[in-house]
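*Asks:* Got a structure for you, query_36.csv, holding CSV, C-alpha atoms.
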chain,number,residue,atom,x,y,z
A,1,ILE,CA,-15.1,-53.5,-14.4
A,2,PHE,CA,-17.8,-51.7,-16.4
A,3,PHE,CA,-19.6,-50.6,-13.3
A,4,ARG,CA,-16.4,-49.4,-11.7
A,5,VAL,CA,-15.5,-47.3,-14.8
A,6,HIS,CA,-19.1,-46.0,-14.9
A,7,LYS,CA,-18.9,-45.0,-11.3
A,8,MET,CA,-15.6,-43.2,-11.8
A,9,LEU,CA,-17.0,-41.3,-14.8
A,10,ARG,CA,-20.0,-40.2,-12.8
A,11,LEU,CA,-17.7,-39.1,-9.9
A,12,LEU,CA,-15.5,-37.2,-12.4
A,13,LEU,CA,-18.5,-35.5,-14.0
A,14,ALA,CA,-19.7,-34.5,-10.5
A,15,VAL,CA,-16.3,-33.0,-9.6
A,16,LEU,CA,-16.2,-31.1,-12.9
A,17,SER,CA,-19.7,-29.8,-12.4
A,18,VAL,CA,-18.7,-28.4,-9.0
A,19,ALA,CA,-15.6,-26.8,-10.4
A,20,LEU,CA,-17.6,-25.2,-13.2
A,21,VAL,CA,-20.1,-23.7,-10.8
A,22,ALA,CA,-17.4,-22.6,-8.5
A,23,GLY,CA,-15.7,-20.9,-11.4
A,24,THR,CA,-18.7,-18.5,-11.7
A,25,ASP,CA,-18.3,-17.3,-8.1
A,26,VAL,CA,-16.6,-14.0,-7.4
A,27,LYS,CA,-15.7,-13.1,-3.8
A,28,GLY,CA,-17.7,-10.0,-2.8
A,29,ALA,CA,-20.4,-10.5,-5.5
A,30,VAL,CA,-23.8,-12.1,-5.4
A,31,ASN,CA,-25.0,-14.3,-8.3
A,32,LEU,CA,-28.5,-13.4,-9.5
A,33,ASP,CA,-30.7,-15.1,-12.0
A,34,SER,CA,-34.2,-14.7,-13.5
A,35,LEU,CA,-35.9,-15.9,-10.3
A,36,THR,CA,-33.8,-14.0,-7.7
A,37,PHE,CA,-33.3,-10.7,-9.6
A,38,ASP,CA,-36.5,-9.0,-8.7
A,39,LYS,CA,-36.3,-10.2,-5.1
A,40,LEU,CA,-33.2,-8.0,-4.5
A,41,VAL,CA,-33.1,-5.3,-7.2
A,42,GLY,CA,-35.5,-2.4,-6.5
A,43,GLY,CA,-35.7,-3.1,-2.8
A,44,SER,CA,-33.7,-1.7,0.1
A,45,PHE,CA,-30.3,-2.2,-1.5
A,46,ASP,CA,-28.3,-0.3,-4.0
A,47,VAL,CA,-27.2,-2.9,-6.5
A,48,PHE,CA,-24.2,-2.6,-8.9
A,49,LEU,CA,-24.6,-5.4,-11.4
A,50,LYS,CA,-22.6,-7.0,-14.2
A,51,PHE,CA,-24.1,-8.8,-17.1
A,52,ASP,CA,-21.6,-11.2,-18.7
A,53,LYS,CA,-21.2,-14.6,-20.4
A,54,GLN,CA,-21.6,-17.5,-18.0
A,55,TYR,CA,-17.9,-18.2,-17.7
A,56,PRO,CA,-16.0,-14.9,-18.2
A,57,TYR,CA,-12.2,-14.6,-18.2
A,58,GLY,CA,-9.5,-12.1,-19.1
A,59,ASP,CA,-8.3,-8.7,-17.9
A,60,LYS,CA,-11.8,-7.3,-17.5
A,61,GLU,CA,-12.9,-10.2,-15.3
A,62,ASP,CA,-9.7,-9.8,-13.2
A,63,GLU,CA,-10.5,-6.1,-12.7
A,64,TRP,CA,-14.1,-7.0,-11.8
A,65,LYS,CA,-12.9,-9.5,-9.2
A,66,SER,CA,-10.5,-6.9,-7.7
A,67,PHE,CA,-13.3,-4.4,-7.6
A,68,ALA,CA,-15.8,-6.8,-6.0
A,69,GLY,CA,-13.3,-7.7,-3.3
A,70,ARG,CA,-12.5,-4.1,-2.6
A,71,VAL,CA,-16.1,-3.0,-2.2
A,72,GLY,CA,-17.0,-6.2,-0.3
A,73,GLU,CA,-14.6,-5.2,2.5
A,74,LEU,CA,-16.4,-1.9,3.0
A,75,THR,CA,-18.9,-1.4,5.8
A,76,GLN,CA,-21.7,-0.5,3.4
A,77,PRO,CA,-24.7,-2.7,4.5
A,78,GLU,CA,-27.1,-1.3,1.9
A,79,LEU,CA,-24.8,-1.9,-1.2
A,80,LEU,CA,-24.6,-5.1,-3.1
A,81,ILE,CA,-22.3,-6.1,-5.9
A,82,ALA,CA,-24.0,-8.6,-8.1
A,83,GLN,CA,-23.5,-10.5,-11.4
A,84,VAL,CA,-25.7,-12.2,-13.9
A,85,GLY,CA,-24.1,-15.0,-16.0
A,86,VAL,CA,-25.9,-15.5,-19.3
A,87,GLN,CA,-25.9,-18.7,-21.3
A,88,ASP,CA,-25.8,-18.5,-25.1
A,89,TYR,CA,-26.5,-22.2,-25.5
A,90,GLY,CA,-28.8,-25.0,-24.2
A,91,ASP,CA,-31.4,-23.6,-21.7
A,92,LYS,CA,-30.1,-20.0,-22.3
A,93,LEU,CA,-30.0,-19.3,-18.6
A,94,ASN,CA,-30.8,-15.7,-17.8
A,95,ASP,CA,-31.1,-14.7,-21.5
A,96,ASP,CA,-34.5,-13.3,-20.6
A,97,LEU,CA,-32.9,-10.8,-18.2
A,98,ARG,CA,-30.4,-9.9,-20.9
A,99,GLU,CA,-33.3,-9.1,-23.3
A,100,ARG,CA,-35.2,-7.3,-20.6
A,101,PHE,CA,-32.4,-4.7,-20.2
A,102,ASN,CA,-31.4,-4.6,-23.9
A,103,VAL,CA,-28.0,-5.9,-23.2
A,104,ASP,CA,-26.0,-6.7,-26.4
A,105,ALA,CA,-23.9,-9.8,-25.9
A,106,GLU,CA,-21.3,-8.4,-28.2
A,107,ASN,CA,-20.6,-5.7,-25.6
A,108,TYR,CA,-20.0,-7.9,-22.5
A,109,PRO,CA,-19.4,-7.1,-19.8
A,110,VAL,CA,-22.2,-4.6,-19.3
A,111,PHE,CA,-22.7,-2.8,-16.0
A,112,PHE,CA,-25.8,-1.2,-14.4
A,113,LEU,CA,-26.4,0.5,-11.1
A,114,PHE,CA,-29.9,0.1,-9.6
A,115,LYS,CA,-30.4,2.5,-6.8
A,116,LYS,CA,-32.6,1.3,-3.9
A,117,GLY,CA,-36.3,1.5,-4.6
A,118,THR,CA,-36.0,1.5,-8.4
A,119,LYS,CA,-35.5,-1.0,-11.2
A,120,GLU,CA,-34.6,1.8,-13.6
A,121,PRO,CA,-30.8,1.3,-14.2
A,122,ILE,CA,-28.0,3.8,-14.6
A,123,LYS,CA,-25.6,2.3,-17.2
A,124,TYR,CA,-21.9,2.5,-16.6
A,125,THR,CA,-19.9,3.2,-19.8
A,126,GLY,CA,-16.4,4.0,-18.5
A,127,GLU,CA,-13.2,1.9,-18.4
A,128,VAL,CA,-13.4,-1.6,-16.9
A,129,THR,CA,-10.9,-1.2,-14.2
A,130,ALA,CA,-11.3,-1.6,-10.4
A,131,ASP,CA,-10.5,2.0,-9.9
A,132,ALA,CA,-12.9,3.3,-12.5
A,133,LEU,CA,-15.8,1.2,-11.3
A,134,SER,CA,-15.1,2.3,-7.7
A,135,ALA,CA,-15.0,6.0,-8.8
A,136,PHE,CA,-18.4,5.5,-10.4
A,137,LEU,CA,-19.9,4.3,-7.2
A,138,VAL,CA,-18.3,7.1,-5.2
A,139,GLY,CA,-19.9,9.7,-7.6
A,140,GLN,CA,-23.3,8.0,-7.7
A,141,LEU,CA,-23.7,7.0,-4.1
A,142,GLY,CA,-21.5,9.3,-2.1
A,143,ILE,CA,-19.8,6.4,-0.4
A,144,TYR,CA,-16.1,6.6,0.6
A,145,ILE,CA,-13.7,4.3,-1.2
A,146,GLY,CA,-10.0,5.2,-0.8
A,147,LEU,CA,-9.0,5.1,-4.4
A,148,PRO,CA,-5.4,5.3,-5.7
A,149,GLY,CA,-4.3,9.0,-5.7
A,150,CYS,CA,-7.0,10.1,-3.2
A,151,VAL,CA,-6.3,11.8,0.1
A,152,GLU,CA,-9.0,11.2,2.7
A,153,GLU,CA,-8.7,14.6,4.4
A,154,LEU,CA,-8.9,16.3,1.0
A,155,ASP,CA,-11.9,14.1,-0.1
A,156,LYS,CA,-13.8,15.4,2.9
A,157,LEU,CA,-13.0,19.0,1.9
A,158,ALA,CA,-14.0,18.3,-1.7
A,159,LYS,CA,-17.4,16.8,-0.7
A,160,GLY,CA,-20.1,19.5,-1.3
A,161,PHE,CA,-17.4,22.0,-2.4
A,162,ALA,CA,-19.1,22.8,-5.7
A,163,THR,CA,-22.4,23.8,-4.1
A,164,SER,CA,-20.9,25.7,-1.2
A,165,SER,CA,-21.1,29.5,-0.9
A,166,LYS,CA,-18.1,31.5,-2.2
A,167,ASP,CA,-17.0,32.2,1.4
A,168,GLU,CA,-17.2,28.5,2.3
A,169,GLN,CA,-15.2,27.6,-0.9
A,170,ALA,CA,-12.5,30.0,0.0
A,171,GLN,CA,-12.2,28.6,3.5
A,172,ARG,CA,-12.1,25.0,2.2
A,173,LEU,CA,-9.5,25.9,-0.4
A,174,SER,CA,-7.3,27.5,2.2
A,175,LYS,CA,-7.6,24.4,4.4
A,176,ALA,CA,-6.8,22.2,1.4
A,177,GLU,CA,-3.7,24.2,0.7
A,178,GLU,CA,-2.6,23.7,4.3
A,179,VAL,CA,-3.1,19.9,4.0
A,180,VAL,CA,-1.2,19.8,0.7
A,181,SER,CA,1.7,21.7,2.2
A,182,THR,CA,2.2,18.8,4.6
A,183,LEU,CA,2.2,16.1,1.9
A,184,LYS,CA,5.3,14.6,0.2
A,185,ASP,CA,6.2,13.2,-3.2
A,186,ASP,CA,3.3,11.6,-5.2
A,187,GLU,CA,0.8,12.6,-2.5
A,188,LYS,CA,1.7,16.2,-2.9
A,189,SER,CA,1.2,16.0,-6.6
A,190,ASN,CA,-2.1,14.4,-6.2
A,191,GLY,CA,-3.1,17.0,-3.6
A,192,GLN,CA,-2.4,19.7,-6.1
A,193,VAL,CA,-5.0,18.1,-8.4
A,194,TYR,CA,-7.6,18.8,-5.6
A,195,ILE,CA,-6.4,22.4,-5.4
A,196,ASN,CA,-6.7,22.9,-9.2
A,197,ILE,CA,-10.2,21.4,-9.3
A,198,MET,CA,-11.3,23.7,-6.5
A,199,LYS,CA,-10.0,26.8,-8.3
A,200,LYS,CA,-11.7,25.7,-11.5
A,201,VAL,CA,-15.0,25.3,-9.6
A,202,GLN,CA,-14.6,28.8,-8.3
A,203,GLU,CA,-14.0,30.0,-11.8
A,204,LYS,CA,-16.5,28.0,-13.8
A,205,GLY,CA,-19.2,27.0,-11.3
A,206,GLU,CA,-20.6,23.9,-9.7
A,207,ALA,CA,-21.1,22.1,-13.1
A,208,TYR,CA,-17.4,21.9,-13.6
A,209,PRO,CA,-16.6,18.5,-11.8
A,210,LYS,CA,-19.2,16.5,-13.8
A,211,ALA,CA,-18.3,18.2,-17.1
A,212,GLU,CA,-14.6,17.6,-16.5
A,213,GLN,CA,-15.2,14.0,-15.5
A,214,SER,CA,-16.9,13.3,-18.8
A,215,ARG,CA,-14.1,15.0,-20.7
A,216,VAL,CA,-11.4,13.1,-18.9
A,217,GLU,CA,-13.2,9.7,-19.4
A,218,LYS,CA,-13.2,10.3,-23.1
A,219,LEU,CA,-9.5,11.2,-23.0
A,220,VAL,CA,-8.5,8.1,-21.1
A,221,GLN,CA,-10.2,6.0,-23.8
A,222,SER,CA,-8.4,7.9,-26.6
A,223,LYS,CA,-5.0,7.4,-28.1
A,224,ILE,CA,-2.8,9.1,-25.5
A,225,THR,CA,0.4,7.9,-23.9
A,226,GLU,CA,0.2,5.5,-21.0
A,227,GLU,CA,1.9,8.1,-18.8
A,228,LYS,CA,-0.8,10.6,-19.7
A,229,LYS,CA,-3.5,8.0,-19.0
A,230,LYS,CA,-2.0,7.3,-15.6
A,231,THR,CA,-2.3,11.1,-14.8
A,232,MET,CA,-5.9,11.2,-16.1
A,233,ARG,CA,-6.9,8.1,-14.2
A,234,THR,CA,-5.7,9.7,-10.9
A,235,LYS,CA,-7.8,12.8,-11.8
A,236,LEU,CA,-10.8,10.5,-12.5
A,237,ASN,CA,-10.4,8.9,-9.0
A,238,ILE,CA,-10.4,12.3,-7.4
A,239,LEU,CA,-13.2,14.0,-9.3
A,240,PRO,CA,-16.1,11.9,-7.9
A,241,SER,CA,-15.3,13.4,-4.5
A,242,PHE,CA,-16.6,16.7,-5.9
A,243,VAL,CA,-19.7,15.4,-7.6
Would you mind giving the structure from this file in structure tokens?
*Replies:*
Amino acid sequence: IFFRVHKMLRLLLAVLSVALVAGTDVKGAVNLDSLTFDKLVGGSFDVFLKFDKQYPYGDKEDEWKSFAGRVGELTQPELLIAQVGVQDYGDKLNDDLRERFNVDAENYPVFFLFKKGTKEPIKYTGEVTADALSAFLVGQLGIYIGLPGCVEELDKLAKGFATSSKDEQAQRLSKAEEVVSTLKDDEKSNGQVYINIMKKVQEKGEAYPKAEQSRVEKLVQSKITEEKKKTMRTKLNILPSFV
């Protein structure tokens, strides 16, 4: 009986171990550790990476999973979504990586973008939502991710708008107004956001989209109504198309 019980306990521990390891996996994200980190980061891939405790949970983790799945479905062969789970006990797995990048465990999750060919990170400091993380990549890498509130035809007109000549801006604005006139309901309202940004760029210059993005990011994290936040988040989804 003793040996049977012992065997069952070993089997149970093995099953639990597999479940715990599986619990760290996120579809669309690659797990990195102290040994694999330098083999991928700084090479031929852009790597967007999350530092977190080993077994994260909660709303922010749910948003991360949604984001990783969304980006994983894109045809972006040179972009990797990755994560580093850090132990705060026992062997302290990956704690050396946490220290290397000055990550404060009190601030988990912490996000960095490592562009291809460099190990100097760009830190992400915005909201932890799938849309906000996606918008960050759109702005930094120029990739296309169809975010809520965005209109693909208008995104194409927005790309490079801020640095175009006055004549080119006028032509694009006219084309954008034609597109918006064909839209309905919420899409039409969202389309008007593109028009307003274009007019502001004409008025204030090419620095406007980035400056406005910083301003709106702060607003979203302030004490404003949920309705206002929803409007601001739509604008945050659209602004990277201009950056």
*Asks:* Which distance in Å separates CA of Asn31 in chain A and CA of Ala82 in chain A, to one decimal?
*Replies:* 5.8 Å
*Asks:* Please list as a compact mmCIF listing (two decimals) with C-alpha atoms, in the coordinates of the input every residue within 12 Å of Gly191 in chain A, counting all atoms listed in the file and excluding residues in the same chain fewer than 2 positions away.
*Replies:*
# COMPACT_ATOMS: atom_id res chain seq x y z
CA GLY A 149 -4.30 9.00 -5.70
CA CYS A 150 -7.00 10.10 -3.20
CA VAL A 151 -6.30 11.80 0.10
CA GLU A 152 -9.00 11.20 2.70
CA GLU A 153 -8.70 14.60 4.40
CA LEU A 154 -8.90 16.30 1.00
CA ASP A 155 -11.90 14.10 -0.10
CA LEU A 157 -13.00 19.00 1.90
CA ALA A 158 -14.00 18.30 -1.70
CA LEU A 173 -9.50 25.90 -0.40
CA LYS A 175 -7.60 24.40 4.40
CA ALA A 176 -6.80 22.20 1.40
CA GLU A 177 -3.70 24.20 0.70
CA GLU A 178 -2.60 23.70 4.30
CA VAL A 179 -3.10 19.90 4.00
CA VAL A 180 -1.20 19.80 0.70
CA SER A 181 1.70 21.70 2.20
CA THR A 182 2.20 18.80 4.60
CA LEU A 183 2.20 16.10 1.90
CA LYS A 184 5.30 14.60 0.20
CA ASP A 185 6.20 13.20 -3.20
CA ASP A 186 3.30 11.60 -5.20
CA GLU A 187 0.80 12.60 -2.50
CA LYS A 188 1.70 16.20 -2.90
CA SER A 189 1.20 16.00 -6.60
CA VAL A 193 -5.00 18.10 -8.40
CA TYR A 194 -7.60 18.80 -5.60
CA ILE A 195 -6.40 22.40 -5.40
CA ASN A 196 -6.70 22.90 -9.20
CA ILE A 197 -10.20 21.40 -9.30
CA MET A 198 -11.30 23.70 -6.50
CA THR A 234 -5.70 9.70 -10.90
CA LYS A 235 -7.80 12.80 -11.80
CA ILE A 238 -10.40 12.30 -7.40
CA LEU A 239 -13.20 14.00 -9.30
*Asks:* Just checking: using all atoms listed in the file, which residue out of A:Lys92, A:Lys230, A:Lys27, A:Lys115 ends up closest to Ala68 in chain A?
*Replies:*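 Closest residue, counting all atoms listed in the file: A:Lys27.
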*Asks:* So, with all atoms listed in the file as the atoms that count, which of A:Trp64, A:Tyr89, A:Phe242, A:Tyr57 lies closest to Gln213 in chain A?
*Replies:* A:Phe242
*Asks:* Using only C-alpha atoms, which of the listed residues (A:Ala29, A:Pro121, A:Asp46, A:Ala105) sits closest to Gly69 in chain A?
*Replies:*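 Counting only C-alpha atoms, the residue closest to Gly69 in chain A is A:Ala29.
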*Asks:* If you count all atoms listed in the file, which residues fall within 12 Å of range 166-168 of chain A, apart from same-chain ones fewer than 2 positions away, as number ranges by chain?
*Replies:* A: 157-158, 160-164, 170-175, 198-199, 201-203, 205-206
*Asks:* Give me the residues within 10 Å of Glu120 in chain A as a list in words, counting all atoms listed in the file and dropping any in the same chain fewer than 5 places off.
*Replies:*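 Non-adjacent residues within range: Val41, Gly42, Phe101, Phe112, Leu113, Phe114 and Lys115 of chain A.
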*Asks:* What's around range 128-143 of chain A at 9 Å? Count all atoms listed in the file, leave out sequence neighbours fewer than 5 positions away in its own chain, and write the answer as a PDB file with C-alpha atoms, in the frame of the given file.
*Replies:*
ATOM      1  CA  ASP A  46     -28.300  -0.300  -4.000  1.00  0.00           C
ATOM      2  CA  PHE A  48     -24.200  -2.600  -8.900  1.00  0.00           C
ATOM      3  CA  ASP A  59      -8.300  -8.700 -17.900  1.00  0.00           C
ATOM      4  CA  LYS A  60     -11.800  -7.300 -17.500  1.00  0.00           C
ATOM      5  CA  GLU A  61     -12.900 -10.200 -15.300  1.00  0.00           C
ATOM      6  CA  ASP A  62      -9.700  -9.800 -13.200  1.00  0.00           C
ATOM      7  CA  GLU A  63     -10.500  -6.100 -12.700  1.00  0.00           C
ATOM      8  CA  TRP A  64     -14.100  -7.000 -11.800  1.00  0.00           C
ATOM      9  CA  LYS A  65     -12.900  -9.500  -9.200  1.00  0.00           C
ATOM     10  CA  SER A  66     -10.500  -6.900  -7.700  1.00  0.00           C
ATOM     11  CA  PHE A  67     -13.300  -4.400  -7.600  1.00  0.00           C
ATOM     12  CA  ALA A  68     -15.800  -6.800  -6.000  1.00  0.00           C
ATOM     13  CA  ARG A  70     -12.500  -4.100  -2.600  1.00  0.00           C
ATOM     14  CA  VAL A  71     -16.100  -3.000  -2.200  1.00  0.00           C
ATOM     15  CA  GLN A  76     -21.700  -0.500   3.400  1.00  0.00           C
ATOM     16  CA  PRO A 109     -19.400  -7.100 -19.800  1.00  0.00           C
ATOM     17  CA  LEU A 113     -26.400   0.500 -11.100  1.00  0.00           C
ATOM     18  CA  LYS A 115     -30.400   2.500  -6.800  1.00  0.00           C
ATOM     19  CA  PRO A 148      -5.400   5.300  -5.700  1.00  0.00           C
ATOM     20  CA  LYS A 159     -17.400  16.800  -0.700  1.00  0.00           C
ATOM     21  CA  ARG A 233      -6.900   8.100 -14.200  1.00  0.00           C
ATOM     22  CA  LEU A 236     -10.800  10.500 -12.500  1.00  0.00           C
ATOM     23  CA  ASN A 237     -10.400   8.900  -9.000  1.00  0.00           C
ATOM     24  CA  ILE A 238     -10.400  12.300  -7.400  1.00  0.00           C
ATOM     25  CA  LEU A 239     -13.200  14.000  -9.300  1.00  0.00           C
ATOM     26  CA  PRO A 240     -16.100  11.900  -7.900  1.00  0.00           C
ATOM     27  CA  SER A 241     -15.300  13.400  -4.500  1.00  0.00           C
ATOM     28  CA  PHE A 242     -16.600  16.700  -5.900  1.00  0.00           C
ATOM     29  CA  VAL A 243     -19.700  15.400  -7.600  1.00  0.00           C
TER      30      VAL A 243
END
*Asks:* Measure the distance from CA of Leu74 in chain A to CA of Val47 in chain A in Å and round it to one decimal.
*Replies:*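 Between CA of Leu74 in chain A and CA of Val47 in chain A the gap is 14.4 Å.
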*Asks:* Within 7 Å of Leu32 in chain A, counting only C-alpha atoms, which residues qualify if same-chain residues fewer than 4 places away don't, as a list in words?
*Replies:* Thr36, Phe37, Ala82, Gln83 and Val84 of chain A
